[in-house]
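K.L.:
I'm passing along model_7.txt; it holds compact mmCIF, C-alpha atoms.
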# COMPACT_ATOMS: atom_id res chain seq x y z
CA MET A 1 9.82 1.48 -4.62
CA ILE A 2 9.99 0.18 -1.04
CA SER A 3 6.38 1.24 -0.38
CA ASP A 4 5.32 -0.69 -3.49
CA MET A 5 6.90 -3.83 -2.05
CA ARG A 6 4.52 -3.72 0.92
CA GLU A 7 1.81 -5.21 -1.32
CA ARG A 8 4.16 -8.09 -2.12
CA LEU A 9 5.46 -8.89 1.36
CA ILE A 10 3.19 -11.20 3.35
CA VAL A 11 4.06 -11.33 7.04
CA GLY A 12 3.34 -14.76 8.45
CA LEU A 13 1.66 -14.49 11.85
CA ASP A 14 2.96 -17.89 12.90
CA VAL A 15 2.54 -17.28 16.60
CA ALA A 16 0.72 -19.02 19.44
CA SER A 17 -1.86 -16.41 20.46
CA THR A 18 -3.97 -13.57 19.16
CA ALA A 19 -2.32 -11.28 21.71
CA GLU A 20 1.10 -12.00 20.20
CA ALA A 21 -0.26 -11.50 16.67
CA GLU A 22 -1.80 -8.17 17.63
CA ARG A 23 1.50 -7.08 19.21
CA ILE A 24 3.34 -7.81 15.96
CA VAL A 25 0.75 -6.02 13.83
CA SER A 26 0.99 -3.00 16.09
CA ALA A 27 4.80 -3.04 15.99
CA LEU A 28 4.85 -3.20 12.20
CA GLY A 29 2.32 -0.41 11.68
CA GLU A 30 2.17 0.78 8.07
CA CYS A 31 5.33 -1.18 7.27
CA ALA A 32 3.18 -4.25 6.54
CA LEU A 33 -0.08 -4.39 4.61
CA VAL A 34 -0.58 -8.14 4.10
CA TYR A 35 -0.64 -10.85 6.77
CA LYS A 36 -0.82 -14.62 6.70
CA ILE A 37 -2.92 -16.55 9.20
CA GLY A 38 -2.27 -20.27 9.16
CA TYR A 39 -3.10 -23.32 11.25
CA GLN A 40 -1.23 -22.30 14.39
CA LEU A 41 -2.96 -18.97 14.89
CA ALA A 42 -6.30 -20.12 13.45
CA TYR A 43 -6.53 -22.95 15.97
CA ALA A 44 -5.50 -20.55 18.76
CA GLY A 45 -8.59 -18.43 18.15
CA GLY A 46 -7.15 -16.22 15.43
CA LEU A 47 -9.84 -16.51 12.77
CA PRO A 48 -11.69 -13.36 13.95
CA LEU A 49 -8.46 -11.47 13.19
CA VAL A 50 -9.16 -12.04 9.48
CA ARG A 51 -12.19 -9.76 9.69
CA GLU A 52 -10.54 -7.31 12.09
CA LEU A 53 -7.44 -6.85 9.95
CA SER A 54 -9.45 -6.49 6.74
CA GLN A 55 -11.63 -3.85 8.37
CA GLU A 56 -8.44 -1.96 9.24
CA GLY A 57 -7.44 -1.90 5.58
CA LYS A 58 -5.02 -4.84 5.71
CA ARG A 59 -5.22 -7.87 3.43
CA VAL A 60 -5.24 -11.36 4.91
CA PHE A 61 -3.81 -14.49 3.32
CA LEU A 62 -5.73 -17.34 4.98
CA ASP A 63 -3.39 -20.30 4.68
CA LEU A 64 -5.60 -23.28 5.55
CA LYS A 65 -4.73 -25.46 2.55
CA LEU A 66 -8.23 -26.81 1.96
CA LEU A 67 -8.52 -30.39 0.72
CA ASP A 68 -11.69 -32.45 1.03
CA ILE A 69 -14.66 -33.56 -1.03
CA PRO A 70 -15.85 -30.83 -3.43
CA ASN A 71 -18.86 -29.72 -1.37
CA THR A 72 -16.79 -29.31 1.79
CA VAL A 73 -14.11 -27.33 -0.06
CA ALA A 74 -16.80 -25.06 -1.53
CA LYS A 75 -18.32 -24.41 1.90
CA GLY A 76 -14.86 -23.61 3.27
CA VAL A 77 -14.30 -21.07 0.50
CA GLU A 78 -17.67 -19.46 1.22
CA ALA A 79 -16.76 -19.18 4.91
CA ALA A 80 -13.40 -17.60 4.05
CA LEU A 81 -15.19 -15.06 1.88
CA ASP A 82 -17.53 -14.22 4.76
CA LEU A 83 -14.53 -13.59 7.02
CA GLY A 84 -13.08 -11.15 4.50
CA ALA A 85 -10.01 -13.11 3.42
CA ALA A 86 -8.17 -11.73 0.39
CA MET A 87 -6.21 -14.91 -0.40
CA LEU A 88 -6.88 -18.57 0.39
CA THR A 89 -4.85 -21.71 -0.17
CA ILE A 90 -6.17 -24.93 -1.68
CA HIS A 91 -4.11 -28.10 -2.05
CA ALA A 92 -3.64 -28.33 -5.80
CA TYR A 93 -5.71 -31.44 -6.43
CA PRO A 94 -7.91 -30.83 -9.49
CA HIS A 95 -11.23 -31.70 -7.82
CA ALA A 96 -10.54 -29.33 -4.91
CA MET A 97 -9.42 -26.49 -7.17
CA ARG A 98 -12.50 -26.81 -9.38
CA ALA A 99 -14.82 -26.67 -6.37
CA ALA A 100 -12.99 -23.65 -4.95
CA VAL A 101 -13.04 -21.72 -8.24
CA GLU A 102 -16.78 -22.30 -8.61
CA ALA A 103 -17.46 -21.21 -5.02
CA ALA A 104 -15.37 -18.03 -5.35
CA LYS A 105 -16.84 -17.01 -8.71
CA GLY A 106 -17.69 -13.30 -8.83
CA SER A 107 -15.58 -12.42 -5.77
CA ASP A 108 -12.15 -10.79 -5.38
CA LEU A 109 -10.76 -13.76 -3.44
CA THR A 110 -7.43 -14.94 -4.84
CA LEU A 111 -7.30 -18.74 -4.75
CA LEU A 112 -3.80 -20.16 -4.50
CA GLY A 113 -2.97 -23.74 -5.37
CA VAL A 114 -0.37 -25.34 -3.09
CA THR A 115 1.87 -27.35 -5.40
CA VAL A 116 4.42 -29.11 -3.18
CA LEU A 117 5.15 -27.96 0.37
CA THR A 118 8.54 -26.26 0.68
CA ALA A 119 9.47 -28.58 3.56
CA LEU A 120 9.41 -31.57 1.16
CA ASP A 121 12.03 -32.85 -1.25
CA ASP A 122 12.21 -35.76 -3.72
CA ALA A 123 12.88 -38.31 -0.96
CA ASP A 124 9.78 -37.16 0.92
CA LEU A 125 7.62 -37.57 -2.20
CA THR A 126 8.99 -41.06 -2.79
CA GLU A 127 8.23 -42.00 0.82
CA ALA A 128 4.67 -40.70 0.37
CA GLY A 129 4.14 -42.89 -2.70
CA TYR A 130 4.46 -40.31 -5.48
CA GLY A 131 6.19 -41.39 -8.68
CA LEU A 132 7.22 -37.86 -9.64
CA SER A 133 10.04 -35.59 -8.56
CA VAL A 134 9.28 -32.28 -6.83
CA GLU A 135 10.04 -30.47 -10.09
CA ASP A 136 7.71 -32.63 -12.16
CA LEU A 137 4.84 -32.62 -9.66
CA VAL A 138 5.05 -28.84 -9.24
CA ALA A 139 4.92 -28.40 -13.04
CA LYS A 140 1.95 -30.75 -13.40
CA ARG A 141 -0.06 -29.06 -10.65
CA ALA A 142 0.79 -25.60 -11.96
CA ALA A 143 -0.55 -26.45 -15.41
CA GLN A 144 -3.73 -27.87 -13.88
CA ALA A 145 -4.21 -24.76 -11.71
CA ARG A 146 -3.88 -22.52 -14.77
CA GLU A 147 -6.38 -24.56 -16.77
CA ILE A 148 -8.90 -24.64 -13.90
CA GLY A 149 -8.73 -20.88 -13.37
CA MET A 150 -6.95 -20.49 -10.04
CA GLY A 151 -5.59 -17.05 -9.15
CA GLY A 152 -2.11 -18.24 -8.37
CA LEU A 153 0.19 -20.80 -6.86
CA VAL A 154 2.17 -21.38 -3.70
CA ALA A 155 5.57 -22.83 -4.48
CA SER A 156 9.21 -22.51 -3.59
CA ALA A 157 10.94 -19.55 -5.20
CA VAL A 158 13.42 -22.11 -6.52
CA GLU A 159 10.68 -23.13 -8.98
CA ALA A 160 9.28 -19.62 -9.60
CA GLY A 161 11.11 -19.06 -12.88
CA ALA A 162 9.98 -22.38 -14.33
CA LEU A 163 6.43 -21.73 -13.12
CA ARG A 164 6.29 -18.41 -14.94
CA GLU A 165 6.95 -20.30 -18.16
CA ILE A 166 3.94 -22.51 -17.40
CA VAL A 167 1.38 -20.06 -16.02
CA GLY A 168 2.35 -16.82 -17.77
CA PRO A 169 2.69 -13.32 -16.28
CA ASP A 170 -0.71 -12.83 -14.69
CA MET A 171 -1.06 -15.56 -12.06
CA ALA A 172 0.34 -14.87 -8.60
CA ILE A 173 3.29 -16.93 -7.44
CA VAL A 174 3.48 -16.82 -3.64
CA THR A 175 6.72 -18.11 -2.18
CA PRO A 176 7.22 -19.23 1.42
CA GLY A 177 10.55 -20.48 2.70
CA ILE A 178 12.11 -17.02 2.40
CA ARG A 179 15.18 -16.41 4.52
CA PRO A 180 17.26 -13.21 4.44
CA MET A 181 21.01 -13.66 4.17
CA GLY A 182 22.36 -15.09 7.43
CA SER A 183 19.02 -16.51 8.64
CA ALA A 184 18.65 -20.16 9.64
CA ALA A 185 16.68 -22.37 7.24
CA GLY A 186 14.70 -23.97 10.08
CA ASP A 187 12.57 -26.88 8.81
CA GLN A 188 12.45 -25.61 5.23
CA LYS A 189 14.41 -27.55 2.61
CA ARG A 190 13.94 -25.32 -0.44
CA VAL A 191 14.74 -21.77 0.65
CA VAL A 192 15.99 -18.60 -1.04
CA THR A 193 16.66 -14.96 -0.11
CA PRO A 194 14.07 -12.22 -0.71
CA ALA A 195 16.17 -10.77 -3.56
CA ASP A 196 16.49 -14.15 -5.25
CA ALA A 197 12.75 -14.79 -4.95
CA ILE A 198 11.89 -11.49 -6.65
CA SER A 199 14.51 -12.06 -9.33
CA ASN A 200 13.14 -15.55 -9.97
CA GLY A 201 9.66 -14.20 -10.72
CA ALA A 202 7.78 -14.47 -7.41
CA SER A 203 4.91 -12.01 -7.07
CA HIS A 204 4.55 -12.30 -3.27
CA LEU A 205 6.92 -13.41 -0.51
CA VAL A 206 5.80 -14.98 2.76
CA VAL A 207 8.18 -14.20 5.61
CA ALA A 208 7.39 -15.36 9.12
CA ARG A 209 10.16 -16.22 11.57
CA PRO A 210 12.74 -13.67 10.34
CA ILE A 211 10.20 -10.92 11.14
CA VAL A 212 7.95 -12.18 13.95
CA ALA A 213 10.84 -13.66 15.96
CA ALA A 214 13.07 -10.59 15.50
CA SER A 215 13.84 -8.33 18.45
CA ASP A 216 12.70 -5.42 16.25
CA PRO A 217 10.07 -6.76 13.79
CA LYS A 218 9.68 -3.40 12.02
CA ALA A 219 13.41 -3.07 11.34
CA ALA A 220 13.51 -6.66 10.10
CA ALA A 221 10.57 -6.04 7.75
CA GLU A 222 12.09 -2.80 6.46
CA ALA A 223 15.36 -4.57 5.67
CA ILE A 224 13.50 -7.23 3.71
CA LEU A 225 11.48 -4.59 1.83
CA THR A 226 14.71 -2.82 0.90
CA GLU A 227 16.20 -6.07 -0.39
CA MET A 228 13.05 -6.80 -2.41
CA ALA A 229 13.01 -3.28 -3.88
CA GLY A 230 16.64 -3.55 -4.90
CA ALA A 231 15.99 -6.81 -6.71
CA ALA A 232 12.87 -5.42 -8.42
CA GLY A 233 14.80 -2.34 -9.50
CA SER A 234 17.57 -4.46 -10.99
CA ALA A 235 15.04 -6.57 -12.89
CA ALA A 236 13.21 -3.53 -14.30
Go ahead and render the structure in this file as structure tokens.
P.N.:
Amino acid sequence: MISDMRERLIVGLDVASTAEAERIVSALGECALVYKIGYQLAYAGGLPLVRELSQEGKRVFLDLKLLDIPNTVAKGVEAALDLGAAMLTIHAYPHAMRAAVEAAKGSDLTLLGVTVLTALDDADLTEAGYGLSVEDLVAKRAAQAREIGMGGLVASAVEAGALREIVGPDMAIVTPGIRPMGSAAGDQKRVVTPADAISNGASHLVVARPIVAASDPKAAAEAILTEMAGAAGSAA
């Protein structure tokens, strides 16, 4: 059961250099099969790691949250495909999702719509000019992503159960903001434990700091995998 969870645990390589990312990948070995590369590492020269990791049999979640005019989004998706990315995030605006789905047609790339960032709450949305609560905006964007044909969503595990009711059993629900029991929340405002995320219906969990900042990243990842497997076993 724990080995099965390796397909569902995404290790966030939120580090400042490719050397540090490579150290973490080496330390984790076969304990981790899926990695996230986001802005920090991408801008530090980490994009070639997408191809390198995929050639080593790993899967890479490229978390660049594309949002632009349709043509630019489409070209970004094509570039991600060329790198060998397995998953790619798009801000869940309908025009951007439509362009991404069209550009990825016929490929195995899983497109993930970012509903509302897990660092935001209702007050943040009000400040930004939205007239909807986090709950309502997440629901609206989830329904649009399903209708447009996206492969999944990125959302807080707090909303995972409600999202399953909207999108059904087949779409991926990728949940950042995961903190094992006893971990600090950091700058996340909507966080849950790995067990709670699995129980709530998340298909994939993104865990960065609790693994990459640990003194023993492999032991930290194994503990999270065990917690995930226990929750999956209880739900079965």
K.L.:
Do you know which residues are at most 7 Å from stretch 167-175 of chain A counting all atoms listed in the file, after dropping those on the same chain fewer than 6 positions away, and could you put them as a list in words?
P.N.:
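Answer for this query is Ala142, Ala143, Arg146, Gly151, Gly152, Leu153, Val154, Ala155, Ser156, Ala157, Ala160, Ala202, Ser203, His204, Leu205 and Val206 of chain A.
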K.L.:
Give, as JSON, the centre coordinates and the x, y and z edge lengths in Å to one decimal for an axis-aligned box around all listed atoms of stretch 137-156 of chain A, padded by 6 Å on each side.
P.N.:
{"center_x": 0.2, "center_y": -24.8, "center_z": -10.2, "size_x": 30.1, "size_y": 27.6, "size_z": 25.2}
K.L.:
Of the candidates A:Leu112, A:Ala79, A:Val158, A:Ala139, which shows the shortest atom-to-atom distance to A:Ala96, using all atoms listed in the file?
P.N.:
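Residue with the minimum atom-to-atom distance to A:Ala96: A:Leu112.
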K.L.:
Please provide the set of residues having any atom within 12 Å of A:Gly76, restricted to all atoms listed in the file, with same-chain residues fewer than 2 positions apart removed, written as a list in words.
P.N.:
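Selected residues are Leu62, Leu64, Lys65, Leu66, Leu67, Asp68, Ile69, Pro70, Asn71, Thr72, Val73, Ala74, Glu78, Ala79, Ala80, Leu81, Asp82, Leu83, Ala85, Leu88, Thr89, Ile90, Ala96, Ala99, Ala100, Val101, Ala103 and Ala104 of chain A.
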K.L.:
Any chance you could export the current selection's C-alpha atoms as a short mmCIF file (atom, residue, chain, number, x, y, z; two decimals), keeping the file's coordinate frame?
P.N.:
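Once everything was written out, this is part-v3.cif:
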data_model
loop_
_atom_site.label_atom_id
_atom_site.label_comp_id
_atom_site.auth_asym_id
_atom_site.auth_seq_id
_atom_site.Cartn_x
_atom_site.Cartn_y
_atom_site.Cartn_z
CA LEU A 62 -5.73 -17.34 4.98
CA LEU A 64 -5.60 -23.28 5.55
CA LYS A 65 -4.73 -25.46 2.55
CA LEU A 66 -8.23 -26.81 1.96
CA LEU A 67 -8.52 -30.39 0.72
CA ASP A 68 -11.69 -32.45 1.03
CA ILE A 69 -14.66 -33.56 -1.03
CA PRO A 70 -15.85 -30.83 -3.43
CA ASN A 71 -18.86 -29.72 -1.37
CA THR A 72 -16.79 -29.31 1.79
CA VAL A 73 -14.11 -27.33 -0.06
CA ALA A 74 -16.80 -25.06 -1.53
CA GLU A 78 -17.67 -19.46 1.22
CA ALA A 79 -16.76 -19.18 4.91
CA ALA A 80 -13.40 -17.60 4.05
CA LEU A 81 -15.19 -15.06 1.88
CA ASP A 82 -17.53 -14.22 4.76
CA LEU A 83 -14.53 -13.59 7.02
CA ALA A 85 -10.01 -13.11 3.42
CA LEU A 88 -6.88 -18.57 0.39
CA THR A 89 -4.85 -21.71 -0.17
CA ILE A 90 -6.17 -24.93 -1.68
CA ALA A 96 -10.54 -29.33 -4.91
CA ALA A 99 -14.82 -26.67 -6.37
CA ALA A 100 -12.99 -23.65 -4.95
CA VAL A 101 -13.04 -21.72 -8.24
CA ALA A 103 -17.46 -21.21 -5.02
CA ALA A 104 -15.37 -18.03 -5.35
#
K.L.:
I want to know what sits within 10 Å of A:Glu56, based on all atoms listed in the file, with residues of the same chain fewer than 4 positions away left out; could you give that as a ChimeraX atom specification?
P.N.:
/A:33,51-52
K.L.:
Between A:Lys140, A:Arg98, A:Lys218, A:Lys36, which is the closest to A:Ser54 once you count only C-alpha atoms?
P.N.:
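Checking each of A:Lys140, A:Arg98, A:Lys218, A:Lys36 against A:Ser54, counting only C-alpha atoms, the winner is A:Lys36.
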K.L.:
Between atom CA of A:Leu41 and atom CA of A:Val25, what distance in Å does the model show, to one decimal?
P.N.:
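These two atoms are separated by 13.5 Å.
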K.L.:
What is the distance, in Å and to one decimal place, between atom CA of A:Glu20 and atom CA of A:Glu222?
P.N.:
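These two atoms are separated by 19.9 Å.
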K.L.:
For A:Ala195, which of A:Ala42, A:Tyr35, A:Lys58, A:Leu9 is the closest residue, counting all atoms listed in the file?
P.N.:
A:Leu9
K.L.:
Nearest residue to A:Pro94 out of A:Arg179, A:Arg141, A:Arg164, A:Arg209, using only C-alpha atoms?
P.N.:
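With only C-alpha atoms as the atom set, the closest residue is A:Arg141.
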K.L.:
What is the distance, in Å and to one decimal place, between atom CA of A:Gly161 and atom CA of A:Ala197?
P.N.:
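Separation of atom CA of A:Gly161 and atom CA of A:Ala197: 9.2 Å.
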K.L.:
A:Ala162, A:Val134, A:Val34, A:Leu125: which is nearest A:Val50, counting all atoms listed in the file?
P.N.:
A:Val34
K.L.:
Place a sphere of radius 12 Å on (2.3, -8.7, 16.2) in the file coordinates and name every protein, DNA or RNA residue with an atom inside or on its surface, counting only C-alpha atoms; give the answer as an MDAnalysis selection string.
P.N.:
chainID A and resid 11:29 32 35:37 41 49 53 208:209 211:218
K.L.:
Counting all atoms listed in the file, which residue out of A:Cys31, A:Ile198, A:Ile148, A:Val77 sits closest to A:His95?
P.N.:
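Looking only at the distances to A:His95, the closest residue turns out to be A:Ile148.
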K.L.:
Please list, as a PyMOL selection string, the residues that have an atom at most 7 Å away from (8.0, -29.8, -3.5) in the coordinates of this file, counting only C-alpha atoms.
P.N.:
chain A and resi 115-118+120-121+134-135+138
K.L.:
May I have the selected residues written with C-alpha atoms, as a CSV table (one decimal), in the coordinates of the input?
P.N.:
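Printed below is part28.csv as written:
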chain,number,residue,atom,x,y,z
A,115,THR,CA,1.9,-27.4,-5.4
A,116,VAL,CA,4.4,-29.1,-3.2
A,117,LEU,CA,5.2,-28.0,0.4
A,118,THR,CA,8.5,-26.3,0.7
A,120,LEU,CA,9.4,-31.6,1.2
A,121,ASP,CA,12.0,-32.8,-1.2
A,134,VAL,CA,9.3,-32.3,-6.8
A,135,GLU,CA,10.0,-30.5,-10.1
A,138,VAL,CA,5.0,-28.8,-9.2
